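Only one structure is covered here, and it is reproduced in the block below.
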Amino acid sequence: MSKEAKKMNTYIKYTAFLAAVLLVSGALGAAAAYFKVENWDSVFVVLAGLIRRNMALILLVLSAICITYQEVILHRMKKIGAEIPGAEDAEGDRLEFEMEQMGSAGTISSNLFSVLSILVLCTGYSMEYIIDLGKKENVWLLAAFVIFLIGTVYQGYWQMRYVKTIQRAYPEKKGDPTSRRFQEEWLKSCDEAERDVIYQGAYKAYRGISKLLPALAFVAMIAHLLWDTGIMAVVMVCIIWIVMVIIYSRSCVIKKSQQIK
Amino acid sequence: MPLENRLKEHRARLGINQADMGKMAGVSRQTISLIERGDYSPSVTLALKLARICQVTVEDIFSYNEEDET
């Protein structure tokens, strides 16, 4: 009886969860529709126009901030890395933790720069817009693309320098950052405790993205419904969603089959 | 953690530092530190390797305390 009651409870709980999701989704949809009817969405049009007109300047400032920050990070990492080989016990733990913090801050900054740059560039990355530009605006648009490319190339080099800095501090860490098998080689050179940290982080990322993707798909659908943003965003989110689930499930099956052989 | 260990004592007896012990066991210094602090339970393979380095049995280094299990 108790088992059956438990089963019922689970179903009721899930139904309540679905009802709550429907309620929240409905409210968000209604809010978005109100937003459109009241023409508040023009704020985004104005904002996008503002970013588009100042693309080169925004990218320049963004690049300057990120490059400065990441150079400081790398400098501190080199300094900590030089102290690590001689450090013992608590001092070693402190330095290695600082190294980890610095590395994470640099990696987040590097990826944040890439994402923000793409978002800024997107505002002017349209033939409809480019065709109507005058000579002067064309020069600024070209400048924005050049700054974007320089920033992107810098990020690539920064990531290589970051890997090499870690490899100098921990010579046992292997992997050529230009190689396509870099992640594999890196993981192979990690010991069991380090792998445990990587696996836990990866699973946490999987769980987080699993929750985010359905929400993003919903947002993309609402945006397409109200602002005709196109189905591309919905398609992209859905592709990432299904690919992620397939990779995860396939990996689990492969691992299981290796265990029973 | 229900797993207690005396790795630090055995390492001190051998007169080697964490980095050297890590090298001998094929793991990082930080992993040795994590085990000594009780923040990481090593695999059986690593536990056996550590026991061999210290020239004792695994039970001499690691002990399981059920009372600590929550």
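Letters A, B, ... mark the chains of the structure tokens in the order given; residue numbers begin at 1 per chain; ligand numbers begin at 1, in order shown.
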Using only C-alpha atoms, find each residue of chain B with at least one atom at most 8 Å away from an atom of chain A; report its shortest atom-to-atom pair and that distance in Å (one decimal), sort the rows by chain and rising residue number, and return the result as JSON lines.
{"residue": "B:Asn17", "atom": "CA", "partner": "A:Glu88", "partner_atom": "CA", "distance": 7.3}
{"residue": "B:Gln18", "atom": "CA", "partner": "A:Glu88", "partner_atom": "CA", "distance": 6.8}
{"residue": "B:Ala19", "atom": "CA", "partner": "A:Glu88", "partner_atom": "CA", "distance": 7.6}
{"residue": "B:Gly26", "atom": "CA", "partner": "A:Asp191", "partner_atom": "CA", "distance": 7.6}
{"residue": "B:Val27", "atom": "CA", "partner": "A:Asp191", "partner_atom": "CA", "distance": 5.4}
{"residue": "B:Ser28", "atom": "CA", "partner": "A:Asp191", "partner_atom": "CA", "distance": 6.9}
{"residue": "B:Gln30", "atom": "CA", "partner": "A:Asp93", "partner_atom": "CA", "distance": 6.7}
{"residue": "B:Thr31", "atom": "CA", "partner": "A:Ala193", "partner_atom": "CA", "distance": 6.0}
{"residue": "B:Ser33", "atom": "CA", "partner": "A:Asp89", "partner_atom": "CA", "distance": 6.6}
{"residue": "B:Tyr40", "atom": "CA", "partner": "A:Ala193", "partner_atom": "CA", "distance": 7.3}
{"residue": "B:Pro42", "atom": "CA", "partner": "A:Ala193", "partner_atom": "CA", "distance": 7.7}
{"residue": "B:Ser43", "atom": "CA", "partner": "A:Glu192", "partner_atom": "CA", "distance": 7.9}
Q. Range 102-194 of chain A: which residues are helix (DSSP H, G or I) by DSSP, as a PyMOL selection string?
A. chain A and resi 102-122+127-131+135-169+182-188+192-194
Set the distance at 12 Å and use only C-alpha atoms: which residues neighbour range 45-52 of chain B once local chain neighbours fewer than 6 positions away are removed? I'd like the list as a short mmCIF file (atom, residue, chain, number, x, y, z; two decimals) with C-alpha atoms, in the first residue's frame.
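The resulting file, around.cif, is reproduced below:
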data_model
loop_
_atom_site.label_atom_id
_atom_site.label_comp_id
_atom_site.auth_asym_id
_atom_site.auth_seq_id
_atom_site.Cartn_x
_atom_site.Cartn_y
_atom_site.Cartn_z
CA ASP A 191 45.43 11.81 -11.49
CA GLU A 192 42.30 10.25 -9.99
CA ALA A 193 41.53 13.12 -7.59
CA LEU B 3 37.65 6.94 6.29
CA ASN B 5 44.11 7.80 7.75
CA ARG B 6 47.59 8.10 9.19
CA LEU B 7 49.32 8.87 5.93
CA LYS B 8 50.94 12.04 7.27
CA HIS B 10 53.91 7.44 7.78
CA ARG B 11 55.19 10.08 5.39
CA LEU B 14 59.92 8.16 5.81
CA GLN B 18 54.10 15.54 -0.17
CA ASP B 20 57.98 13.32 -3.37
CA MET B 21 55.31 10.97 -2.13
CA GLY B 22 53.04 12.14 -4.95
CA LYS B 23 55.80 11.43 -7.48
CA MET B 24 56.37 7.96 -6.04
CA ALA B 25 52.65 7.16 -6.16
CA GLY B 26 52.12 8.78 -9.56
CA VAL B 27 49.75 11.47 -8.31
CA SER B 28 49.97 15.20 -7.62
CA THR B 31 46.10 14.67 -4.04
CA ILE B 32 48.42 13.53 -1.23
CA ILE B 35 44.10 12.32 1.33
CA GLU B 36 46.04 13.41 4.42
CA VAL B 58 46.65 -0.59 3.80
CA GLU B 59 44.96 -1.06 7.17
CA ASP B 60 47.96 0.53 8.89
CA ILE B 61 47.27 3.73 6.94
CA PHE B 62 43.51 3.70 6.44
CA SER B 63 40.78 2.75 8.85
#
Q. Counting only C-alpha atoms, what is within 7 Å of range 70-79 of chain A, bar same-chain residues fewer than 2 positions away, as a PyMOL selection string?
A. chain A and resi 66-68+81-83+99+102+106+162+165
Q. When you draw a straight line from CA of Leu141 in chain A to CA of Met232 in chain A, how long is it in Å?
A. 24.6 Å
